[in-house]
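Asks: Sharing coords-v7.txt, compact mmCIF, C-alpha atoms:
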```txt
# COMPACT_ATOMS: atom_id res chain seq x y z
CA MET A 1 -0.31 78.30 -65.34
CA LYS A 2 0.26 81.31 -63.07
CA ASN A 3 4.02 80.90 -63.46
CA THR A 4 3.69 80.92 -67.24
CA LYS A 5 1.63 84.13 -67.17
CA THR A 6 4.16 85.75 -64.86
CA ILE A 7 7.04 84.83 -67.15
CA PHE A 8 5.37 86.27 -70.22
CA LEU A 9 4.45 89.44 -68.29
CA LEU A 10 8.12 89.88 -67.37
CA VAL A 11 9.11 89.36 -71.00
CA ALA A 12 6.61 92.03 -72.08
CA LEU A 13 7.96 94.50 -69.52
CA LEU A 14 11.50 93.72 -70.65
CA CYS A 15 10.54 94.39 -74.27
CA VAL A 16 9.10 97.78 -73.31
CA SER A 17 12.24 98.63 -71.33
CA LEU A 18 14.54 97.65 -74.16
CA PHE A 19 12.43 99.56 -76.64
CA ALA A 20 12.68 102.65 -74.48
CA ALA A 21 16.42 102.10 -74.23
CA GLY A 22 16.57 101.86 -78.01
CA ILE A 23 14.89 105.25 -78.28
CA ARG A 24 17.49 106.75 -75.94
CA VAL A 25 20.32 105.25 -77.96
CA ALA A 26 18.82 106.71 -81.14
CA ALA A 27 18.91 110.27 -79.72
CA PHE A 28 20.81 113.11 -81.40
CA SER A 29 24.20 111.76 -82.46
CA PRO A 30 26.12 114.02 -84.87
CA ASN A 31 28.79 112.56 -87.14
CA PRO A 32 31.59 114.18 -89.12
CA GLY A 33 30.29 114.98 -92.56
CA ASP A 34 26.72 115.72 -91.49
CA TYR A 35 25.42 118.80 -93.27
CA PHE A 36 22.39 120.58 -94.59
CA THR A 37 21.80 123.51 -96.90
CA TYR A 38 18.86 125.83 -96.45
CA TYR A 39 16.83 128.57 -98.06
CA GLU A 40 15.58 131.40 -95.83
CA VAL A 41 13.27 134.34 -96.49
CA GLU A 42 12.84 137.28 -94.05
CA ASN A 43 10.16 139.92 -94.49
CA LEU A 44 9.33 143.08 -92.58
CA GLY A 45 6.02 144.81 -93.32
CA ASN A 46 2.46 145.53 -92.20
CA GLY A 47 3.82 148.67 -90.52
CA THR A 48 1.90 151.28 -88.60
CA GLY A 49 2.86 154.81 -87.61
CA THR A 50 6.26 155.70 -89.01
CA TYR A 51 6.56 152.18 -90.46
CA ALA A 52 3.34 152.41 -92.46
CA GLY A 53 4.00 151.24 -96.03
CA TYR A 54 7.61 150.30 -95.33
CA ILE A 55 8.87 146.84 -96.49
CA GLU A 56 12.11 144.87 -96.21
CA HIS A 57 12.91 141.60 -97.97
CA THR A 58 15.92 139.34 -97.37
CA VAL A 59 16.86 136.03 -99.00
CA VAL A 60 19.54 133.79 -97.48
CA ASN A 61 21.17 130.62 -98.83
CA GLY A 62 23.30 128.87 -96.22
CA THR A 63 25.10 125.70 -95.16
CA GLU A 64 25.81 124.13 -91.76
CA ARG A 65 28.39 121.32 -91.66
CA ILE A 66 29.79 119.07 -88.92
CA ASN A 67 33.59 118.76 -89.14
CA GLY A 68 34.44 116.61 -86.13
CA VAL A 69 33.18 115.10 -82.89
CA SER A 70 35.26 114.67 -79.73
CA GLY A 71 33.18 113.32 -76.88
CA ASP A 72 30.21 115.65 -76.72
CA VAL A 73 32.08 118.59 -78.29
CA VAL A 74 31.11 119.08 -81.91
CA SER A 75 33.15 121.28 -84.24
CA ALA A 76 31.26 122.81 -87.14
CA ASN A 77 31.36 125.60 -89.67
CA TYR A 78 28.75 127.74 -91.38
CA SER A 79 28.53 129.86 -94.49
CA TYR A 80 25.77 131.85 -96.13
CA SER A 81 25.08 134.46 -98.77
CA TYR A 82 22.29 137.02 -98.65
CA THR A 83 20.54 139.72 -100.60
CA TRP A 84 18.54 142.48 -98.93
CA SER A 85 16.25 145.15 -100.29
CA ASN A 86 13.63 147.58 -99.00
CA SER A 87 10.74 149.61 -100.33
CA SER A 88 12.92 152.73 -100.44
CA GLY A 89 15.03 151.20 -103.22
CA SER A 90 18.07 150.27 -101.15
CA THR A 91 19.79 146.92 -101.75
CA GLU A 92 22.63 145.01 -100.18
CA SER A 93 24.28 141.60 -100.59
CA GLY A 94 27.11 139.74 -98.97
CA THR A 95 28.53 136.49 -97.58
CA GLN A 96 29.50 135.31 -94.15
CA SER A 97 31.29 132.20 -92.86
CA GLY A 98 33.07 130.92 -89.78
CA SER A 99 33.68 128.06 -87.36
CA TYR A 100 32.24 127.26 -83.95
CA THR A 101 31.75 124.42 -81.48
CA PHE A 102 28.72 123.22 -79.54
CA SER A 103 27.75 120.44 -77.14
CA SER A 104 25.82 117.45 -78.46
CA THR A 105 24.27 116.88 -75.01
CA SER A 106 23.38 120.39 -73.80
CA PHE A 107 23.18 121.86 -77.35
CA LEU A 108 24.83 125.05 -76.06
CA TYR A 109 27.30 126.93 -78.23
CA ILE A 110 30.74 126.50 -76.65
CA ASN A 111 33.17 128.57 -78.70
CA GLY A 112 31.67 131.02 -81.18
CA THR A 113 28.31 130.78 -82.98
CA ASP A 114 27.05 130.63 -86.53
CA ASP A 115 26.62 134.44 -86.53
CA GLN A 116 24.00 134.56 -83.76
CA THR A 117 23.98 137.97 -82.04
CA GLY A 118 21.95 139.45 -79.20
CA TYR A 119 21.66 136.19 -77.22
CA VAL A 120 23.04 135.21 -73.82
CA ASN A 121 24.30 131.61 -73.60
CA PRO A 122 22.13 130.35 -76.50
CA THR A 123 21.67 126.80 -77.75
CA VAL A 124 21.89 125.82 -81.42
CA TRP A 125 18.80 126.47 -83.50
CA PHE A 126 19.24 123.65 -86.02
CA ALA A 127 19.15 120.53 -83.81
CA MET A 128 17.16 119.10 -80.92
CA PRO A 129 17.20 116.08 -78.58
CA ASN A 130 14.97 113.96 -80.80
CA SER A 131 14.03 111.57 -77.99
CA THR A 132 11.97 114.37 -76.38
CA PRO A 133 8.37 113.14 -75.95
CA VAL A 134 5.23 115.07 -76.76
CA GLY A 135 4.84 117.73 -74.09
CA GLY A 136 8.59 117.72 -73.38
CA THR A 137 10.66 120.88 -73.77
CA PHE A 138 14.08 121.98 -75.00
CA PHE A 139 15.71 125.27 -76.03
CA ALA A 140 16.40 126.72 -79.46
CA LEU A 141 18.63 129.82 -79.14
CA ASP A 142 16.98 131.29 -75.99
CA THR A 143 13.40 130.13 -76.64
CA ARG A 144 11.83 127.28 -74.72
CA MET A 145 10.27 124.95 -77.28
CA THR A 146 7.54 122.41 -76.50
CA VAL A 147 7.11 119.27 -78.60
CA GLU A 148 3.55 119.34 -79.95
CA SER A 149 3.75 116.29 -82.23
CA ARG A 150 6.24 113.55 -83.08
CA ASN A 151 4.68 112.68 -86.43
CA TYR A 152 3.76 116.03 -87.97
CA SER A 153 3.29 116.18 -91.74
CA TYR A 154 5.37 119.11 -93.00
CA TYR A 155 5.32 120.27 -96.62
CA LEU A 156 8.89 120.61 -97.89
CA PRO A 157 9.06 122.75 -101.08
CA THR A 158 12.38 121.26 -102.23
CA GLU A 159 10.89 117.75 -102.23
CA LYS A 160 7.42 118.97 -103.21
CA GLU A 161 6.31 116.35 -100.75
CA VAL A 162 5.00 116.11 -97.22
CA VAL A 163 7.69 114.78 -94.87
CA ASP A 164 7.40 113.29 -91.40
CA THR A 165 8.75 115.60 -88.67
CA ILE A 166 8.80 116.44 -84.98
CA PHE A 167 6.86 119.68 -84.51
CA ALA A 168 7.85 122.01 -81.67
CA GLN A 169 6.55 125.47 -80.80
CA GLY A 170 7.84 128.35 -78.71
CA ASN A 171 6.08 131.55 -77.66
CA SER A 172 7.66 134.47 -75.87
CA THR A 173 8.15 138.23 -75.64
CA TYR A 174 11.18 140.48 -75.41
CA LEU A 175 12.16 144.13 -75.59
CA ARG A 176 13.59 145.12 -78.96
CA ASN A 177 16.16 147.94 -78.83
CA ASP A 178 18.18 148.16 -82.04
CA GLU A 179 18.34 150.11 -85.28
CA TYR A 180 14.59 149.64 -85.72
CA GLY A 181 13.86 151.38 -82.43
CA GLU A 182 12.43 150.32 -79.08
CA PHE A 183 9.48 147.97 -79.29
CA ASN A 184 7.66 145.36 -77.28
CA ALA A 185 7.99 142.21 -79.39
CA ALA A 186 5.84 139.07 -79.15
CA TYR A 187 6.57 136.04 -81.31
CA THR A 188 5.63 132.46 -82.13
CA TRP A 189 8.27 130.09 -83.46
CA ASN A 190 7.24 126.83 -85.09
CA GLU A 191 10.13 124.49 -85.83
CA TYR A 192 10.22 121.08 -87.53
CA PHE A 193 12.91 118.43 -87.05
CA ASP A 194 13.82 115.09 -88.57
CA PRO A 195 12.68 112.37 -86.10
CA THR A 196 15.60 110.07 -86.93
CA THR A 197 18.53 112.47 -86.53
CA GLY A 198 17.17 115.53 -84.70
CA TYR A 199 18.37 117.95 -87.38
CA VAL A 200 16.15 120.78 -88.61
CA VAL A 201 13.84 120.39 -91.60
CA GLY A 202 12.28 123.83 -91.53
CA TYR A 203 10.77 126.57 -89.39
CA SER A 204 8.34 129.48 -89.41
CA TYR A 205 8.82 132.53 -87.18
CA VAL A 206 6.20 135.29 -86.76
CA GLU A 207 6.80 138.45 -84.66
CA HIS A 208 4.73 141.54 -83.92
CA ASP A 209 6.43 144.72 -82.66
CA THR A 210 4.56 147.64 -81.12
CA ASN A 211 5.25 150.68 -78.94
CA SER A 212 3.19 153.15 -76.98
CA SER A 213 3.20 155.74 -79.78
CA GLY A 214 1.24 153.45 -82.13
CA THR A 215 4.20 152.58 -84.33
CA GLY A 216 4.82 148.96 -85.14
CA PHE A 217 5.48 146.34 -87.79
CA GLY A 218 5.36 142.63 -88.45
CA TYR A 219 8.39 140.42 -89.07
CA THR A 220 8.44 136.87 -90.49
CA ASP A 221 11.30 134.43 -91.02
CA ASP A 222 10.73 131.19 -92.95
CA LEU A 223 13.43 128.57 -93.52
CA TYR A 224 13.51 125.09 -95.04
CA VAL A 225 16.20 122.58 -95.89
CA THR A 226 17.18 122.28 -99.56
CA SER A 227 19.59 119.31 -99.25
CA SER A 228 21.00 117.22 -96.43
CA SER A 229 23.26 114.31 -95.58
CA TYR A 230 20.46 112.78 -93.52
CA PRO A 231 17.44 111.16 -95.16
CA LEU A 232 14.01 112.69 -94.80
CA SER A 233 10.90 110.54 -94.56
CA VAL A 234 8.34 111.44 -97.20
CA PHE A 235 4.87 110.79 -95.84
CA SER A 236 2.61 108.67 -98.03
CA PRO A 237 -1.10 108.30 -97.08
CA SER A 238 -0.96 104.65 -98.16
CA THR A 239 2.41 103.53 -96.79
CA GLY A 240 3.26 106.14 -94.14
CA PRO A 241 6.75 107.69 -93.91
CA VAL A 242 9.16 106.56 -96.63
CA SER A 243 12.84 107.53 -96.64
CA THR A 244 13.96 109.91 -99.39
CA ASN A 245 17.50 108.53 -99.12
CA PRO A 246 18.33 104.79 -98.97
CA SER A 247 21.68 105.42 -97.27
CA ILE A 248 20.29 105.47 -93.72
CA ARG A 249 23.03 105.24 -91.08
CA LEU A 250 22.84 101.93 -89.29
CA GLY A 251 24.10 103.57 -86.11
CA GLN A 252 20.86 105.51 -85.77
CA TYR A 253 19.04 102.20 -85.25
CA SER A 254 21.69 100.23 -83.37
CA GLY A 255 19.76 100.61 -80.12
CA TYR A 256 16.62 99.11 -81.60
CA ILE A 257 18.53 96.27 -83.27
CA ALA A 258 20.46 95.36 -80.11
CA GLY A 259 17.29 95.46 -78.03
CA LEU A 260 15.44 93.26 -80.51
CA VAL A 261 18.26 90.68 -80.54
CA VAL A 262 18.28 90.52 -76.72
CA VAL A 263 14.50 90.08 -76.59
CA ILE A 264 14.63 87.25 -79.16
CA ILE A 265 17.35 85.45 -77.19
CA ILE A 266 15.45 85.78 -73.88
CA ILE A 267 12.21 84.53 -75.44
CA ALA A 268 14.04 81.54 -76.93
CA ILE A 269 15.58 80.65 -73.54
CA ILE A 270 12.21 80.92 -71.75
CA ALA A 271 10.47 78.86 -74.45
CA TYR A 272 13.11 76.12 -74.09
CA ALA A 273 12.80 76.16 -70.30
CA LEU A 274 9.02 75.88 -70.50
CA SER A 275 9.29 72.95 -72.91
CA ARG A 276 11.53 71.10 -70.42
CA ARG A 277 9.34 71.64 -67.39
CA ARG A 278 7.68 68.53 -65.85
CA LYS A 279 3.93 68.56 -65.63
CA LYS A 280 2.49 68.94 -62.14
CA LEU A 281 -0.76 67.81 -60.61
CA PRO A 282 -3.55 70.40 -60.65
CA GLU A 283 -3.18 72.98 -57.89
CA HIS A 284 -6.47 71.96 -56.27
CA ALA A 285 -5.28 68.34 -55.68
CA THR A 286 -5.16 67.40 -52.00
CA GLN A 287 -1.97 65.39 -52.32
CA GLN A 288 0.93 65.62 -54.75
CA ILE A 289 3.00 62.50 -55.26
CA PRO A 290 6.24 63.22 -57.05
CA PRO A 291 6.83 61.01 -60.04
CA ARG A 292 9.54 58.37 -59.79
CA GLU A 293 12.73 59.46 -61.47
CA ASN A 294 13.41 56.09 -63.16
CA PRO A 295 10.37 53.75 -63.04
CA PRO A 296 11.30 50.06 -63.62
CA PRO A 297 10.31 48.61 -66.97
CA PRO A 298 7.21 46.39 -66.81
CA GLY A 299 7.96 42.64 -66.58
CA PRO A 300 6.37 39.89 -68.70
CA PRO A 301 2.87 38.78 -67.70
CA PRO A 302 2.72 35.70 -65.41
CA SER A 303 2.18 32.38 -67.23
CA ILE A 304 -0.98 30.41 -66.60
CA ASP A 305 -0.70 26.55 -66.61
CA LEU A 306 -4.00 24.84 -67.40
CA THR A 307 -2.59 21.26 -67.38
CA PRO A 308 -4.41 19.03 -64.79
CA LYS A 309 -2.15 18.04 -61.93
CA GLU A 310 -2.24 14.64 -60.04
CA GLN A 311 -3.91 15.18 -56.66
CA PRO A 312 -2.87 13.22 -53.50
CA PRO A 313 -5.39 10.58 -52.27
CA VAL A 314 -7.97 11.79 -49.85
CA GLN A 315 -7.59 10.25 -46.38
CA GLN A 316 -10.86 8.81 -45.10
CA ILE A 317 -11.56 8.57 -41.35
CA VAL A 318 -14.23 6.02 -40.26
CA ILE A 319 -15.87 6.64 -36.96
CA LYS A 320 -17.12 3.31 -35.36
CA GLU A 321 -20.16 3.60 -33.21
CA VAL A 322 -20.54 1.15 -30.24
CA ALA A 323 -23.98 0.42 -28.54
CA LYS A 324 -24.39 0.85 -24.80
CA VAL A 325 -26.14 -1.58 -22.39
CA ARG A 326 -26.90 -1.54 -18.64
CA CYS A 327 -25.21 -3.74 -16.12
CA SER A 328 -27.74 -6.12 -14.67
CA PHE A 329 -26.17 -5.86 -11.22
CA CYS A 330 -25.38 -2.09 -10.69
CA GLY A 331 -27.28 -0.48 -13.59
CA ALA A 332 -24.20 1.34 -15.00
CA MET A 333 -23.87 1.91 -18.77
CA MET A 334 -21.25 -0.18 -20.54
CA ASP A 335 -20.28 -1.05 -24.07
CA SER A 336 -22.18 -3.91 -25.55
CA THR A 337 -18.84 -5.47 -26.43
CA ALA A 338 -17.56 -5.43 -22.85
CA THR A 339 -17.49 -8.75 -20.99
CA VAL A 340 -17.50 -7.28 -17.49
CA CYS A 341 -18.96 -4.12 -16.00
CA PRO A 342 -16.30 -1.43 -15.70
CA ARG A 343 -17.99 -0.27 -12.51
CA CYS A 344 -18.82 -3.31 -10.40
CA GLY A 345 -16.84 -5.97 -12.29
CA ALA A 346 -19.85 -8.21 -12.62
CA PRO A 347 -19.87 -10.35 -15.72
CA ARG A 348 -22.10 -9.32 -18.52
CA THR A 349 -25.16 -11.53 -18.70
```
Starting from the file, lay out its structure as structure tokens.

Replies:
Amino acid sequence: MKNTKTIFLLVALLCVSLFAAGIRVAAFSPNPGDYFTYYEVENLGNGTGTYAGYIEHTVVNGTERINGVSGDVVSANYSYSYTWSNSSGSTESGTQSGSYTFSSTSFLYINGTDDQTGYVNPTVWFAMPNSTPVGGTFFALDTRMTVESRNYSYYLPTEKEVVDTIFAQGNSTYLRNDEYGEFNAAYTWNEYFDPTTGYVVGYSYVEHDTNSSGTGFGYTDDLYVTSSSYPLSVFSPSTGPVSTNPSIRLGQYSGYIAGLVVVIIIIAIIAYALSRRRKKLPEHATQQIPPRENPPPPGPPPSIDLTPKEQPPVQQIVIKEVAKVRCSFCGAMMDSTATVCPRCGAPRT
């Protein structure tokens, strides 16, 4: 019984190990043709001092697309269009596009960026290692992000539905020194990723800038995906996450499938071995006698003959008793049939 419990405990541990391995296999794995389009809105306002009453508004429509994968080097291109306006009546619009490469393991930009400026050795902002557990960290651009939830319900305006996401948050400060002036900036960046692929679903960025003279402003940047090659899981209160796209890549789940097949095979082998095991005497028995390998078949019962058999005649032995008498001459005892005394030889009288 103890052996059986031990075997099933090992099987359980193996299942957990294979499941964990399946999660690792299902980590971020870009493929040529992966893409997403996004809608982004940037606002500057809530100013104080010289920025009191001043507003800026920017709308961006962009695309990020994977062109090729060679080892862990991913080649991609970006493009976007924008319109900008401010409360002074100025407007501007334009487009931008280009190519770049990044690493699918470190997530660092390798050659070029998708128009990211002001950063030193940044990582991509639109993807994460989706096997990161709750409490684990990774970088987006130059911000350390911490995974707060792996099943966060995020409202996606394009779907008008709540989708299942990984929620990560980063908080930091930096010194702004650009056309806006010199400010101490503090920000919070909430970002949401697809649990299956690791690609972005949306984000919300809030920054507050201040300086010693009392001048400051607030800046927000909100982005969400408008279309994608990867399916998003719409969250239903009754059924849980449901894919918005039936064309889920099998490769994303190959680790789970392989692990499940191995577990099934191992369980089948153990079940067969247990079914073939010979039963043993209870462990508390004082003596264990191994069973005979090939016990002989039982023979026929012995026959019983009830027919009377002829018995041999019984031999009778007759013991003859002889009377004793005394010799009249010497007084010795002698048989009554004797004619002379065996002692003195005198004739019997």

Asks: When you count all atoms listed in the file, which of these residues is closest to Phe138 (chain A): A:Pro342, A:Pro157, A:Gly170, A:Pro347?

Replies: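 That would be A:Gly170, the residue with the smallest distance to Phe138 (chain A).
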
Asks: Report as JSON the centre and the edge lengths, in Å to one decimal, of the axis-aligned box holding every listed atom of region 109-125 of chain A, padded by 6 Å on each side.

Replies:
```
{"center_x": 26.0, "center_y": 132.6, "center_z": -80.1, "size_x": 26.4, "size_y": 25.6, "size_z": 24.9}
```

Asks: Give me the residues near Ala186 (chain A) as a list in words, where near means some atom within 7 Å (using only C-alpha atoms) and where sequence neighbours in that chain fewer than 5 positions away do not count.

Replies: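 So the residues in contact are Ser172, Thr173, Tyr174, Glu207, His208 and Asp209 of chain A.
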
Asks: Have a look at A:Ala323, A:Val69, A:Val120, A:Val206 and name the one nearest to Ala185 (chain A); count all atoms listed in the file.

Replies: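 Among the listed residues, the smallest separation from Ala185 (chain A) belongs to A:Val206.
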
Asks: Which residues are near Glu42 (chain A)? Cut-off 8 Å, all atoms listed in the file, ignore same chain within fewer than 6 positions. Put them as a list in words.

Replies: Glu56, His57, Thr58, Val59, Tyr219, Thr220, Asp221 and Asp222 of chain A

Asks: Those residues with C-alpha atoms, as a PDB file, in the coordinates of the input please?

Replies:
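Generated output (again.pdb):
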```pdb
ATOM      1  CA  GLU A  56      12.110 144.870 -96.210  1.00  0.00           C
ATOM      2  CA  HIS A  57      12.910 141.600 -97.970  1.00  0.00           C
ATOM      3  CA  THR A  58      15.920 139.340 -97.370  1.00  0.00           C
ATOM      4  CA  VAL A  59      16.860 136.030 -99.000  1.00  0.00           C
ATOM      5  CA  TYR A 219       8.390 140.420 -89.070  1.00  0.00           C
ATOM      6  CA  THR A 220       8.440 136.870 -90.490  1.00  0.00           C
ATOM      7  CA  ASP A 221      11.300 134.430 -91.020  1.00  0.00           C
ATOM      8  CA  ASP A 222      10.730 131.190 -92.950  1.00  0.00           C
TER       9      ASP A 222
END
```

Asks: Would you please work out which residue, of A:Val147, A:Leu44, A:Val325, A:Ala140, is nearest to Trp84 (chain A) when using only C-alpha atoms?

Replies: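 When distances to Trp84 (chain A) are compared using only C-alpha atoms, the smallest one comes from A:Leu44.
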
Asks: From the options A:Phe167, A:Gly47, A:Cys341, A:Gln96, which residue's atoms come nearest to Thr137 (chain A), counting only C-alpha atoms?

Replies: A:Phe167

Asks: Find the residues around Thr63 (chain A) up to 8 Å (all atoms listed in the file counted), leave out those fewer than 3 positions away in its own chain, and share them as a list of chain:residue names.

Replies: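 Here the answer would be A:Tyr35, A:Phe36, A:Thr37, A:Tyr38, A:Tyr78, A:Ser79, A:Tyr80.
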
Asks: Quick check, in Å to one decimal: how far apart do CA of Asn111 (chain A) and CA of Gly98 (chain A) lie?

Replies: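 Straight-line distance from CA of Asn111 (chain A) to CA of Gly98 (chain A) works out to 11.3 Å.
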
Asks: So how far away is CA of Arg348 (chain A) from CA of Ser336 (chain A), in Å?

Replies: 8.9 Å

Asks: CA of Ser228 (chain A) and CA of Thr197 (chain A), how far apart in Å?

Replies: 11.3 Å

Asks: Counting all atoms listed in the file, which of A:Lys324, A:Leu232, A:Tyr187, A:Ile55 gets nearest to Val200 (chain A)?

Replies: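 Closest to Val200 (chain A), using all atoms listed in the file: A:Leu232.
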
Asks: Near region 26-33 of chain A, counting all atoms listed in the file, which residues have an atom at most 6 Å away, once you skip same-chain residues fewer than 6 positions from it, shown as a VMD selection string?

Replies: chain A and resid 66 to 68 129 to 131 197 to 198 252
